[in-house]
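Enquirer: Contents are PDB, C-alpha atoms, pLDDT in the B column; file name upload_20.pdb:
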ATOM      1  CA  MET U 236     137.874  93.348 -17.291  1.00 72.00           C
ATOM      2  CA  THR U 237     141.400  91.976 -16.808  1.00 82.00           C
ATOM      3  CA  SER U 238     143.849  93.629 -14.418  1.00 84.00           C
ATOM      4  CA  GLU U 239     145.970  94.786 -17.372  1.00 84.00           C
ATOM      5  CA  LEU U 240     143.034  96.473 -19.110  1.00 88.00           C
ATOM      6  CA  LEU U 241     141.849  97.989 -15.827  1.00 86.00           C
ATOM      7  CA  ARG U 242     145.265  99.503 -15.182  1.00 85.00           C
ATOM      8  CA  LYS U 243     145.481 100.873 -18.736  1.00 85.00           C
ATOM      9  CA  LYS U 244     142.049 102.473 -18.376  1.00 85.00           C
ATOM     10  CA  ALA U 245     143.049 103.947 -15.026  1.00 82.00           C
ATOM     11  CA  LEU U 246     146.315 105.324 -16.424  1.00 82.00           C
ATOM     12  CA  ASP U 247     144.466 106.970 -19.318  1.00 86.00           C
ATOM     13  CA  GLU U 248     141.908 108.494 -16.945  1.00 85.00           C
ATOM     14  CA  LEU U 249     144.507 109.718 -14.462  1.00 84.00           C
ATOM     15  CA  GLN U 250     146.454 111.400 -17.243  1.00 84.00           C
ATOM     16  CA  ARG U 251     143.335 112.847 -18.874  1.00 85.00           C
ATOM     17  CA  ASN U 252     142.299 114.412 -15.566  1.00 84.00           C
ATOM     18  CA  GLU U 253     145.866 115.644 -14.924  1.00 83.00           C
ATOM     19  CA  VAL U 254     146.114 113.603 -11.742  1.00 84.00           C
ATOM     20  CA  LEU U 255     149.197 111.713 -12.963  1.00 83.00           C
ATOM     21  CA  MET U 256     151.544 113.893 -14.993  1.00 86.00           C
ATOM     22  CA  LEU U 257     154.328 111.942 -16.663  1.00 82.00           C
ATOM     23  CA  ASP U 258     156.389 114.384 -18.704  1.00 85.00           C
ATOM     24  CA  GLY U 259     157.057 117.564 -16.792  1.00 89.00           C
ATOM     25  CA  HIS U 260     159.686 119.252 -14.657  1.00 93.00           C
ATOM     26  CA  PHE U 261     158.377 119.154 -11.112  1.00 88.00           C
ATOM     27  CA  ASP U 262     159.832 120.661  -7.962  1.00 88.00           C
ATOM     28  CA  TYR U 263     158.784 118.276  -5.175  1.00 78.00           C
ATOM     29  CA  GLY U 264     159.524 120.826  -2.482  1.00 73.00           C
ATOM     30  CA  ASN U 265     161.960 118.516  -0.666  1.00 70.00           C
ATOM     31  CA  GLY U 266     165.179 119.367  -2.500  1.00 80.00           C
ATOM     32  CA  PHE U 267     164.463 117.050  -5.443  1.00 83.00           C
ATOM     33  CA  HIS U 268     163.062 117.463  -8.925  1.00 87.00           C
ATOM     34  CA  GLY U 269     161.546 114.877 -11.271  1.00 85.00           C
ATOM     35  CA  ARG U 270     159.529 114.264 -14.427  1.00 86.00           C
ATOM     36  CA  VAL U 271     156.551 112.504 -12.823  1.00 85.00           C
ATOM     37  CA  TYR U 272     154.025 113.912 -10.370  1.00 83.00           C
ATOM     38  CA  LEU U 273     150.758 112.701  -8.925  1.00 81.00           C
ATOM     39  CA  ASN U 274     148.658 115.758  -8.157  1.00 84.00           C
ATOM     40  CA  PRO U 275     146.337 114.886  -5.232  1.00 79.00           C
ATOM     41  CA  HIS U 276     144.576 118.241  -5.551  1.00 81.00           C
ATOM     42  CA  ARG U 277     142.987 116.978  -8.768  1.00 82.00           C
ATOM     43  CA  LEU U 278     141.535 114.107  -6.759  1.00 79.00           C
ATOM     44  CA  PHE U 279     140.083 116.571  -4.266  1.00 80.00           C
ATOM     45  CA  LEU U 280     138.617 118.868  -6.906  1.00 86.00           C
ATOM     46  CA  GLN U 281     136.008 116.455  -8.251  1.00 84.00           C
ATOM     47  CA  PRO U 282     134.856 113.775  -5.786  1.00 87.00           C
ATOM     48  CA  SER U 283     133.755 111.517  -8.633  1.00 88.00           C
ATOM     49  CA  THR U 284     137.405 111.167  -9.702  1.00 87.00           C
ATOM     50  CA  ILE U 285     138.576 109.708  -6.398  1.00 89.00           C
ATOM     51  CA  TRP U 286     135.479 107.488  -6.267  1.00 91.00           C
ATOM     52  CA  ARG U 287     136.300 105.994  -9.681  1.00 89.00           C
ATOM     53  CA  VAL U 288     139.953 105.554  -8.772  1.00 90.00           C
ATOM     54  CA  ALA U 289     139.059 103.857  -5.492  1.00 94.00           C
ATOM     55  CA  GLN U 290     136.548 101.594  -7.204  1.00 94.00           C
ATOM     56  CA  ASP U 291     139.153 100.474  -9.737  1.00 92.00           C
ATOM     57  CA  LEU U 292     141.650  99.858  -6.957  1.00 95.00           C
ATOM     58  CA  LEU U 293     139.177  97.644  -5.105  1.00 96.00           C
ATOM     59  CA  ASP U 294     138.541  95.705  -8.310  1.00 94.00           C
ATOM     60  CA  LEU U 295     142.232  94.741  -8.377  1.00 94.00           C
ATOM     61  CA  MET U 296     142.155  93.210  -4.891  1.00 95.00           C
ATOM     62  CA  PRO U 297     141.183  89.598  -4.243  1.00 95.00           C
ATOM     63  CA  TYR U 298     137.829  88.846  -2.659  1.00 93.00           C
ATOM     64  CA  ASP U 299     139.352  87.167   0.398  1.00 94.00           C
ATOM     65  CA  LEU U 300     141.378  90.259   1.249  1.00 95.00           C
ATOM     66  CA  LEU U 301     138.432  92.599   0.821  1.00 94.00           C
ATOM     67  CA  GLU U 302     136.314  90.404   3.078  1.00 93.00           C
ATOM     68  CA  SER U 303     138.964  90.468   5.802  1.00 95.00           C
ATOM     69  CA  ILE U 304     139.278  94.257   6.099  1.00 97.00           C
ATOM     70  CA  ASP U 305     137.806  95.929   9.182  1.00 97.00           C
ATOM     71  CA  VAL U 306     139.502  99.324   8.840  1.00 98.00           C
ATOM     72  CA  VAL U 307     141.038 101.342   6.016  1.00 98.00           C
ATOM     73  CA  ALA U 308     143.652 103.827   7.216  1.00 98.00           C
ATOM     74  CA  GLY U 309     145.819 106.367   5.421  1.00 96.00           C
ATOM     75  CA  PRO U 310     148.110 109.338   6.049  1.00 94.00           C
ATOM     76  CA  ALA U 311     146.800 112.860   5.627  1.00 87.00           C
ATOM     77  CA  THR U 312     145.962 114.252   3.186  1.00 85.00           C
ATOM     78  CA  GLY U 313     145.870 112.244  -0.025  1.00 87.00           C
ATOM     79  CA  GLY U 314     146.115 108.851   1.647  1.00 92.00           C
ATOM     80  CA  ALA U 315     143.405 109.698   4.165  1.00 94.00           C
ATOM     81  CA  LEU U 316     141.042 110.803   1.408  1.00 93.00           C
ATOM     82  CA  LEU U 317     141.652 107.588  -0.526  1.00 94.00           C
ATOM     83  CA  ALA U 318     141.271 105.460   2.614  1.00 97.00           C
ATOM     84  CA  HIS U 319     137.980 107.139   3.538  1.00 96.00           C
ATOM     85  CA  THR U 320     136.607 106.558   0.042  1.00 96.00           C
ATOM     86  CA  LEU U 321     137.752 102.919  -0.023  1.00 97.00           C
ATOM     87  CA  ALA U 322     136.099 102.246   3.334  1.00 97.00           C
ATOM     88  CA  GLY U 323     132.795 103.658   2.123  1.00 95.00           C
ATOM     89  CA  LEU U 324     132.868 101.726  -1.148  1.00 96.00           C
ATOM     90  CA  LEU U 325     133.728  98.496   0.669  1.00 95.00           C
ATOM     91  CA  ASP U 326     130.487  98.800   2.625  1.00 91.00           C
ATOM     92  CA  GLY U 327     128.603  99.055  -0.660  1.00 89.00           C
ATOM     93  CA  ARG U 328     129.873  95.569  -1.570  1.00 87.00           C
ATOM     94  CA  ARG U 329     128.922  93.925   1.715  1.00 87.00           C
ATOM     95  CA  PRO U 330     125.667  92.761   3.312  1.00 85.00           C
ATOM     96  CA  LEU U 331     123.927  95.341   5.490  1.00 84.00           C
ATOM     97  CA  SER U 332     124.076  92.843   8.345  1.00 86.00           C
ATOM     98  CA  ARG U 333     127.871  93.193   8.489  1.00 88.00           C
ATOM     99  CA  PRO U 334     129.413  95.845  10.789  1.00 89.00           C
ATOM    100  CA  PRO U 335     130.458  98.867   8.715  1.00 93.00           C
ATOM    101  CA  CYS U 336     134.059  99.265   7.646  1.00 96.00           C
ATOM    102  CA  GLN U 337     135.896 101.854   9.727  1.00 96.00           C
ATOM    103  CA  PHE U 338     138.315 104.592   8.725  1.00 97.00           C
ATOM    104  CA  ALA U 339     141.372 105.977  10.506  1.00 97.00           C
ATOM    105  CA  PRO U 340     143.604 108.876   9.386  1.00 96.00           C
ATOM    106  CA  PHE U 341     147.230 109.329  10.348  1.00 96.00           C
ATOM    107  CA  ASN U 342     148.055 112.956  11.092  1.00 92.00           C
ATOM    108  CA  VAL U 343     151.371 114.743  10.724  1.00 85.00           C
ATOM    109  CA  ASP U 344     152.874 116.171  13.895  1.00 82.00           C
ATOM    110  CA  ALA U 345     155.699 118.703  13.487  1.00 74.00           C
ATOM    111  CA  ARG U 346     157.701 117.042  16.254  1.00 77.00           C
ATOM    112  CA  ASN U 347     156.830 113.346  15.930  1.00 71.00           C
ATOM    113  CA  GLY U 348     155.968 112.896  12.252  1.00 83.00           C
ATOM    114  CA  LEU U 349     153.014 110.623  11.528  1.00 90.00           C
ATOM    115  CA  THR U 350     150.777 109.998  14.529  1.00 94.00           C
ATOM    116  CA  LEU U 351     147.439 108.353  15.276  1.00 95.00           C
ATOM    117  CA  ARG U 352     144.958 110.209  17.446  1.00 94.00           C
ATOM    118  CA  ARG U 353     143.876 108.456  20.607  1.00 94.00           C
ATOM    119  CA  PHE U 354     140.255 108.413  19.372  1.00 95.00           C
ATOM    120  CA  TYR U 355     141.172 106.262  16.363  1.00 95.00           C
ATOM    121  CA  LYS U 356     143.821 104.285  18.216  1.00 94.00           C
ATOM    122  CA  ARG U 357     141.311 102.792  20.623  1.00 93.00           C
ATOM    123  CA  HIS U 358     139.149 101.618  17.708  1.00 93.00           C
ATOM    124  CA  LEU U 359     141.910  99.500  16.105  1.00 96.00           C
ATOM    125  CA  GLN U 360     142.351  96.917  18.851  1.00 95.00           C
ATOM    126  CA  GLY U 361     142.078  93.429  17.371  1.00 96.00           C
ATOM    127  CA  LEU U 362     141.061  94.687  13.903  1.00 97.00           C
ATOM    128  CA  ARG U 363     142.479  94.009  10.429  1.00 98.00           C
ATOM    129  CA  VAL U 364     143.689  97.106   8.622  1.00 98.00           C
ATOM    130  CA  LEU U 365     144.296  98.004   4.977  1.00 98.00           C
ATOM    131  CA  LEU U 366     146.776 100.875   4.614  1.00 98.00           C
ATOM    132  CA  ALA U 367     146.149 103.226   1.689  1.00 97.00           C
ATOM    133  CA  ASP U 368     148.100 106.123   0.212  1.00 94.00           C
ATOM    134  CA  ASP U 369     148.161 108.083  -3.011  1.00 91.00           C
ATOM    135  CA  VAL U 370     151.816 107.254  -3.801  1.00 86.00           C
ATOM    136  CA  ARG U 371     154.329 104.653  -2.630  1.00 87.00           C
ATOM    137  CA  ASN U 372     157.934 105.749  -2.991  1.00 78.00           C
ATOM    138  CA  THR U 373     160.307 104.071  -0.536  1.00 76.00           C
ATOM    139  CA  GLY U 374     157.619 102.400   1.571  1.00 85.00           C
ATOM    140  CA  THR U 375     158.747 104.136   4.762  1.00 87.00           C
ATOM    141  CA  THR U 376     155.408 105.926   5.171  1.00 90.00           C
ATOM    142  CA  PHE U 377     153.586 102.597   5.134  1.00 94.00           C
ATOM    143  CA  GLN U 378     156.168 101.241   7.571  1.00 94.00           C
ATOM    144  CA  ARG U 379     155.504 104.047  10.051  1.00 94.00           C
ATOM    145  CA  CYS U 380     151.731 103.610   9.660  1.00 96.00           C
ATOM    146  CA  ALA U 381     152.088  99.854  10.263  1.00 97.00           C
ATOM    147  CA  GLU U 382     154.029 100.564  13.464  1.00 96.00           C
ATOM    148  CA  LEU U 383     151.223 102.819  14.687  1.00 97.00           C
ATOM    149  CA  VAL U 384     148.610 100.176  13.849  1.00 98.00           C
ATOM    150  CA  ALA U 385     150.574  97.507  15.716  1.00 97.00           C
ATOM    151  CA  ASP U 386     150.971  99.828  18.711  1.00 97.00           C
ATOM    152  CA  ALA U 387     147.182 100.221  18.748  1.00 97.00           C
ATOM    153  CA  GLY U 388     146.688  96.450  18.717  1.00 97.00           C
ATOM    154  CA  GLY U 389     145.628  96.140  15.062  1.00 97.00           C
ATOM    155  CA  THR U 390     147.045  94.024  12.244  1.00 98.00           C
ATOM    156  CA  VAL U 391     147.946  95.276   8.766  1.00 98.00           C
ATOM    157  CA  VAL U 392     146.653  92.815   6.149  1.00 98.00           C
ATOM    158  CA  GLY U 393     147.576  94.744   3.006  1.00 97.00           C
ATOM    159  CA  THR U 394     148.657  98.028   1.438  1.00 97.00           C
ATOM    160  CA  ALA U 395     147.254  99.872  -1.566  1.00 97.00           C
ATOM    161  CA  GLN U 396     148.084 103.010  -3.496  1.00 94.00           C
ATOM    162  CA  ILE U 397     147.118 104.798  -6.676  1.00 92.00           C
ATOM    163  CA  TYR U 398     150.653 105.123  -7.986  1.00 87.00           C
ATOM    164  CA  ASP U 399     153.582 102.848  -7.160  1.00 86.00           C
ATOM    165  CA  ARG U 400     157.004 104.054  -8.245  1.00 77.00           C
ATOM    166  CA  ARG U 401     158.383 100.522  -7.787  1.00 75.00           C
ATOM    167  CA  THR U 402     161.289 101.840  -5.720  1.00 70.00           C
ATOM    168  CA  ALA U 403     160.134 100.595  -2.303  1.00 70.00           C
ATOM    169  CA  LEU U 404     162.949  99.829   0.106  1.00 76.00           C
ATOM    170  CA  VAL U 405     160.668  98.488   2.842  1.00 85.00           C
ATOM    171  CA  ASP U 406     158.676  95.256   2.570  1.00 88.00           C
ATOM    172  CA  LEU U 407     155.915  94.910   5.159  1.00 93.00           C
ATOM    173  CA  GLY U 408     155.372  91.258   4.293  1.00 94.00           C
ATOM    174  CA  VAL U 409     151.751  91.822   3.222  1.00 96.00           C
ATOM    175  CA  PRO U 410     150.164  92.039  -0.248  1.00 96.00           C
ATOM    176  CA  ASN U 411     150.510  95.402  -2.004  1.00 95.00           C
ATOM    177  CA  TYR U 412     148.187  96.643  -4.763  1.00 95.00           C
ATOM    178  CA  SER U 413     148.576  99.635  -7.058  1.00 92.00           C
ATOM    179  CA  LEU U 414     146.433 101.092  -9.782  1.00 90.00           C
ATOM    180  CA  VAL U 415     149.377 102.445 -11.766  1.00 87.00           C
ATOM    181  CA  GLU U 416     153.006 101.337 -11.701  1.00 82.00           C
ATOM    182  CA  TYR U 417     155.603 103.589 -13.227  1.00 70.00           C
ATOM    183  CA  VAL U 418     159.313 102.914 -12.909  1.00 59.00           C
ATOM    184  CA  GLU U 419     160.791 105.674 -15.071  1.00 62.00           C
ATOM    185  CA  ALA U 420     160.522 108.227 -12.299  1.00 69.00           C
ATOM    186  CA  GLU U 421     164.033 109.098 -11.201  1.00 78.00           C
ATOM    187  CA  ASN U 422     164.531 111.867  -8.656  1.00 80.00           C
ATOM    188  CA  PHE U 423     167.235 114.490  -9.176  1.00 87.00           C
ATOM    189  CA  ALA U 424     168.822 116.686  -6.526  1.00 87.00           C
ATOM    190  CA  ALA U 425     167.777 120.249  -7.309  1.00 89.00           C
ATOM    191  CA  ASP U 426     171.361 121.455  -7.675  1.00 92.00           C
ATOM    192  CA  THR U 427     172.223 118.744 -10.218  1.00 92.00           C
ATOM    193  CA  CYS U 428     168.870 118.447 -12.020  1.00 94.00           C
ATOM    194  CA  PRO U 429     169.477 117.835 -15.752  1.00 93.00           C
ATOM    195  CA  MET U 430     166.215 119.577 -16.655  1.00 94.00           C
ATOM    196  CA  CYS U 431     167.344 122.715 -14.831  1.00 95.00           C
ATOM    197  CA  ARG U 432     170.694 122.447 -16.618  1.00 94.00           C
ATOM    198  CA  ASP U 433     168.866 122.294 -19.962  1.00 94.00           C
ATOM    199  CA  GLY U 434     166.759 125.341 -19.071  1.00 94.00           C
ATOM    200  CA  LYS U 435     163.422 123.519 -18.903  1.00 94.00           C
ATOM    201  CA  PRO U 436     161.070 125.613 -16.747  1.00 94.00           C
ATOM    202  CA  ILE U 437     159.359 124.181 -13.664  1.00 94.00           C
ATOM    203  CA  THR U 438     155.915 122.849 -14.601  1.00 90.00           C
ATOM    204  CA  GLU U 439     153.111 124.979 -13.168  1.00 84.00           C
ATOM    205  CA  PHE U 440     149.701 123.510 -12.339  1.00 72.00           C
TER     206      PHE U 440
END
Would you kindly transcribe this structure into structure tokens?

Expert:
Amino acid sequence: MTSELLRKKALDELQRNEVLMLDGHFDYGNGFHGRVYLNPHRLFLQPSTIWRVAQDLLDLMPYDLLESIDVVAGPATGGALLAHTLAGLLDGRRPLSRPPCQFAPFNVDARNGLTLRRFYKRHLQGLRVLLADDVRNTGTTFQRCAELVADAGGTVVGTAQIYDRRTALVDLGVPNYSLVEYVEAENFAADTCPMCRDGKPITEF
């Protein structure tokens, strides 16, 4: 299956399962509203959904990159779930004689933002890391994760996400892969939101 057909199939499936909602009025909880929302809770609800999504995402990545990955890491919660699933599926594609792919989650600390626990930090020394997340907006989350990986002595070799809004402001200088790209996803400040002005109710899910 070509990359274009794979992405179309993934988009259809994500919409059918109400993971990616493209025509609503969503309150993002950070002072902004928008028409597009990726609902990670739908990925949690049925494990088979995240497995299929992760499998499709791996199918979009080149063989050489997949062979180079030692660790898949992602920020809690959606990114960590995706990263854990990707790491497990990668092992299913490799010989049993190869050391298993590792997983590392980034946690959120109220004072310091994203952090990496010492347990995982000591397992990244000298290893090649794929960063994974459910959504890429500005790219700053990946940037912070890459800084934590570098501090632990690892090297980021690529980034991957389910949904890329194509608005990234940060380029890590490594390949990036997305299952769905959607550019018509403008954010609106809550106090100037045109959907609020038109009386469109907040989408409940």

Enquirer: Using all atoms listed in the file, pick whichever of U:Ile397, U:Cys428, U:Ala381, U:Val306 has the shortest atom-to-atom distance to Leu255 of chain U.

Expert: U:Ile397

Enquirer: I'd like a table as a Markdown table: residues in segment 241-264 of chain U with an atom no more than 12 Å from segment 406-414 of chain U, each row giving the shortest atom pair and its distance in Å to one decimal, all atoms listed in the file counted, sorted by chain and rising residue number.

Expert:
| residue | atom | partner | partner_atom | distance |
| --- | --- | --- | --- | --- |
| U:Leu241 | CA | U:Leu414 | CA | 8.2 |
| U:Arg242 | CA | U:Leu414 | CA | 5.7 |
| U:Lys243 | CA | U:Leu414 | CA | 9.0 |
| U:Lys244 | CA | U:Leu414 | CA | 9.7 |
| U:Ala245 | CA | U:Leu414 | CA | 6.9 |
| U:Leu246 | CA | U:Leu414 | CA | 7.9 |
| U:Asp247 | CA | U:Leu414 | CA | 11.4 |
| U:Glu248 | CA | U:Leu414 | CA | 11.3 |
| U:Leu249 | CA | U:Leu414 | CA | 10.0 |
| U:Leu255 | CA | U:Leu414 | CA | 11.4 |

Enquirer: The selected residues should be written to file as a tab-separated table (two decimals), in the frame of the given file (atoms: C-alpha atoms).

Expert:
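Here's the written file part20.tsv:
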chain	number	residue	atom	x	y	z
U	241	LEU	CA	141.85	97.99	-15.83
U	242	ARG	CA	145.26	99.50	-15.18
U	243	LYS	CA	145.48	100.87	-18.74
U	244	LYS	CA	142.05	102.47	-18.38
U	245	ALA	CA	143.05	103.95	-15.03
U	246	LEU	CA	146.32	105.32	-16.42
U	247	ASP	CA	144.47	106.97	-19.32
U	248	GLU	CA	141.91	108.49	-16.94
U	249	LEU	CA	144.51	109.72	-14.46
U	255	LEU	CA	149.20	111.71	-12.96

Enquirer: Could you list as JSON, numbers by chain every residue that has an atom within 12 Å of (142.7, 107.9, 17.2), using the file's coordinates and counting all atoms listed in the file?

Expert: {"U": [308, 337, 338, 339, 340, 341, 342, 350, 351, 352, 353, 354, 355, 356, 357, 358, 359, 360, 383, 384, 386, 387]}

Enquirer: Please, could you write that set of residues out with C-alpha atoms as an mmCIF file, in the frame of the given file?

Expert:
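Okay, this is what ended up in again24.cif:
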data_model
loop_
_atom_site.group_PDB
_atom_site.id
_atom_site.type_symbol
_atom_site.label_atom_id
_atom_site.label_comp_id
_atom_site.auth_asym_id
_atom_site.auth_seq_id
_atom_site.Cartn_x
_atom_site.Cartn_y
_atom_site.Cartn_z
ATOM 1 C CA ALA U 308 143.652 103.827 7.216
ATOM 2 C CA GLN U 337 135.896 101.854 9.727
ATOM 3 C CA PHE U 338 138.315 104.592 8.725
ATOM 4 C CA ALA U 339 141.372 105.977 10.506
ATOM 5 C CA PRO U 340 143.604 108.876 9.386
ATOM 6 C CA PHE U 341 147.230 109.329 10.348
ATOM 7 C CA ASN U 342 148.055 112.956 11.092
ATOM 8 C CA THR U 350 150.777 109.998 14.529
ATOM 9 C CA LEU U 351 147.439 108.353 15.276
ATOM 10 C CA ARG U 352 144.958 110.209 17.446
ATOM 11 C CA ARG U 353 143.876 108.456 20.607
ATOM 12 C CA PHE U 354 140.255 108.413 19.372
ATOM 13 C CA TYR U 355 141.172 106.262 16.363
ATOM 14 C CA LYS U 356 143.821 104.285 18.216
ATOM 15 C CA ARG U 357 141.311 102.792 20.623
ATOM 16 C CA HIS U 358 139.149 101.618 17.708
ATOM 17 C CA LEU U 359 141.910 99.500 16.105
ATOM 18 C CA GLN U 360 142.351 96.917 18.851
ATOM 19 C CA LEU U 383 151.223 102.819 14.687
ATOM 20 C CA VAL U 384 148.610 100.176 13.849
ATOM 21 C CA ASP U 386 150.971 99.828 18.711
ATOM 22 C CA ALA U 387 147.182 100.221 18.748
#

Enquirer: May I have the centre and edge lengths, in Å to one decimal, of an axis-aligned box around the listed atoms of segment 289-293 of chain U with 3 Å added to every side, as AutoDock Vina command-line options?

Expert:
--center_x 139.1 --center_y 100.8 --center_z -7.4 --size_x 11.1 --size_y 12.2 --size_z 10.6

Enquirer: Could you tell me how far atom CA of Cys336 of chain U sits from atom CA of Asn274 of chain U, in Å to one decimal place?

Expert: 27.1 Å

Enquirer: What is the distance, in Å and to one decimal place, between atom CA of Gly323 of chain U and atom CA of Gly389 of chain U?

Expert: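 Between atom CA of Gly323 of chain U and atom CA of Gly389 of chain U the gap works out to 19.7 Å.
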
Enquirer: Quick one: which residues end up in the PyMOL selection byres ((chain U and resi 288-293) around 7) for this structure, as a PDB file with C-alpha atoms, in the coordinates of the input?

Expert:
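Written file, selection_11.pdb:
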ATOM      1  CA  THR U 284     137.405 111.167  -9.702  1.00 87.00           C
ATOM      2  CA  ILE U 285     138.576 109.708  -6.398  1.00 89.00           C
ATOM      3  CA  TRP U 286     135.479 107.488  -6.267  1.00 91.00           C
ATOM      4  CA  ARG U 287     136.300 105.994  -9.681  1.00 89.00           C
ATOM      5  CA  ASP U 294     138.541  95.705  -8.310  1.00 94.00           C
ATOM      6  CA  LEU U 295     142.232  94.741  -8.377  1.00 94.00           C
ATOM      7  CA  MET U 296     142.155  93.210  -4.891  1.00 95.00           C
ATOM      8  CA  LEU U 317     141.652 107.588  -0.526  1.00 94.00           C
ATOM      9  CA  THR U 320     136.607 106.558   0.042  1.00 96.00           C
ATOM     10  CA  LEU U 321     137.752 102.919  -0.023  1.00 97.00           C
ATOM     11  CA  SER U 413     148.576  99.635  -7.058  1.00 92.00           C
ATOM     12  CA  LEU U 414     146.433 101.092  -9.782  1.00 90.00           C
TER      13      LEU U 414
END

Enquirer: What would segment 373-390 of chain U look like with N, CA and C atoms restored, written as an mmCIF file, keeping the file's coordinate frame?

Expert:
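Resulting contents of rebuild-v8.cif:
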data_model
loop_
_atom_site.group_PDB
_atom_site.id
_atom_site.type_symbol
_atom_site.label_atom_id
_atom_site.label_comp_id
_atom_site.auth_asym_id
_atom_site.auth_seq_id
_atom_site.Cartn_x
_atom_site.Cartn_y
_atom_site.Cartn_z
ATOM 1 N N THR U 373 159.376 104.992 -1.191
ATOM 2 C CA THR U 373 160.307 104.071 -0.536
ATOM 3 C C THR U 373 159.611 103.051 0.346
ATOM 4 N N GLY U 374 158.345 103.298 0.681
ATOM 5 C CA GLY U 374 157.619 102.400 1.571
ATOM 6 C C GLY U 374 157.751 102.757 3.042
ATOM 7 N N THR U 375 158.540 103.786 3.359
ATOM 8 C CA THR U 375 158.747 104.136 4.762
ATOM 9 C C THR U 375 157.496 104.742 5.402
ATOM 10 N N THR U 376 156.663 105.403 4.610
ATOM 11 C CA THR U 376 155.408 105.926 5.171
ATOM 12 C C THR U 376 154.505 104.782 5.603
ATOM 13 N N PHE U 377 154.368 103.771 4.752
ATOM 14 C CA PHE U 377 153.586 102.597 5.134
ATOM 15 C C PHE U 377 154.202 101.917 6.363
ATOM 16 N N GLN U 378 155.512 101.872 6.423
ATOM 17 C CA GLN U 378 156.168 101.241 7.571
ATOM 18 C C GLN U 378 155.793 101.960 8.872
ATOM 19 N N ARG U 379 155.854 103.282 8.857
ATOM 20 C CA ARG U 379 155.504 104.047 10.051
ATOM 21 C C ARG U 379 154.036 103.845 10.408
ATOM 22 N N CYS U 380 153.161 103.840 9.405
ATOM 23 C CA CYS U 380 151.731 103.610 9.660
ATOM 24 C C CYS U 380 151.517 102.223 10.262
ATOM 25 N N ALA U 381 152.227 101.217 9.749
ATOM 26 C CA ALA U 381 152.088 99.854 10.263
ATOM 27 C C ALA U 381 152.531 99.786 11.718
ATOM 28 N N GLU U 382 153.577 100.527 12.069
ATOM 29 C CA GLU U 382 154.029 100.564 13.464
ATOM 30 C C GLU U 382 152.952 101.155 14.373
ATOM 31 N N LEU U 383 152.287 102.194 13.901
ATOM 32 C CA LEU U 383 151.223 102.819 14.687
ATOM 33 C C LEU U 383 150.019 101.888 14.844
ATOM 34 N N VAL U 384 149.710 101.146 13.782
ATOM 35 C CA VAL U 384 148.610 100.176 13.849
ATOM 36 C C VAL U 384 148.943 99.078 14.865
ATOM 37 N N ALA U 385 150.159 98.559 14.785
ATOM 38 C CA ALA U 385 150.574 97.507 15.716
ATOM 39 C C ALA U 385 150.544 98.002 17.160
ATOM 40 N N ASP U 386 150.984 99.245 17.366
ATOM 41 C CA ASP U 386 150.971 99.828 18.711
ATOM 42 C C ASP U 386 149.555 99.954 19.252
ATOM 43 N N ALA U 387 148.583 100.111 18.339
ATOM 44 C CA ALA U 387 147.182 100.221 18.748
ATOM 45 C C ALA U 387 146.508 98.854 18.883
ATOM 46 N N GLY U 388 147.244 97.786 18.585
ATOM 47 C CA GLY U 388 146.688 96.450 18.717
ATOM 48 C C GLY U 388 146.011 95.926 17.473
ATOM 49 N N GLY U 389 146.202 96.604 16.321
ATOM 50 C CA GLY U 389 145.628 96.140 15.062
ATOM 51 C C GLY U 389 146.646 95.367 14.241
ATOM 52 N N THR U 390 146.185 94.810 13.130
ATOM 53 C CA THR U 390 147.045 94.024 12.244
ATOM 54 C C THR U 390 146.884 94.512 10.814
#
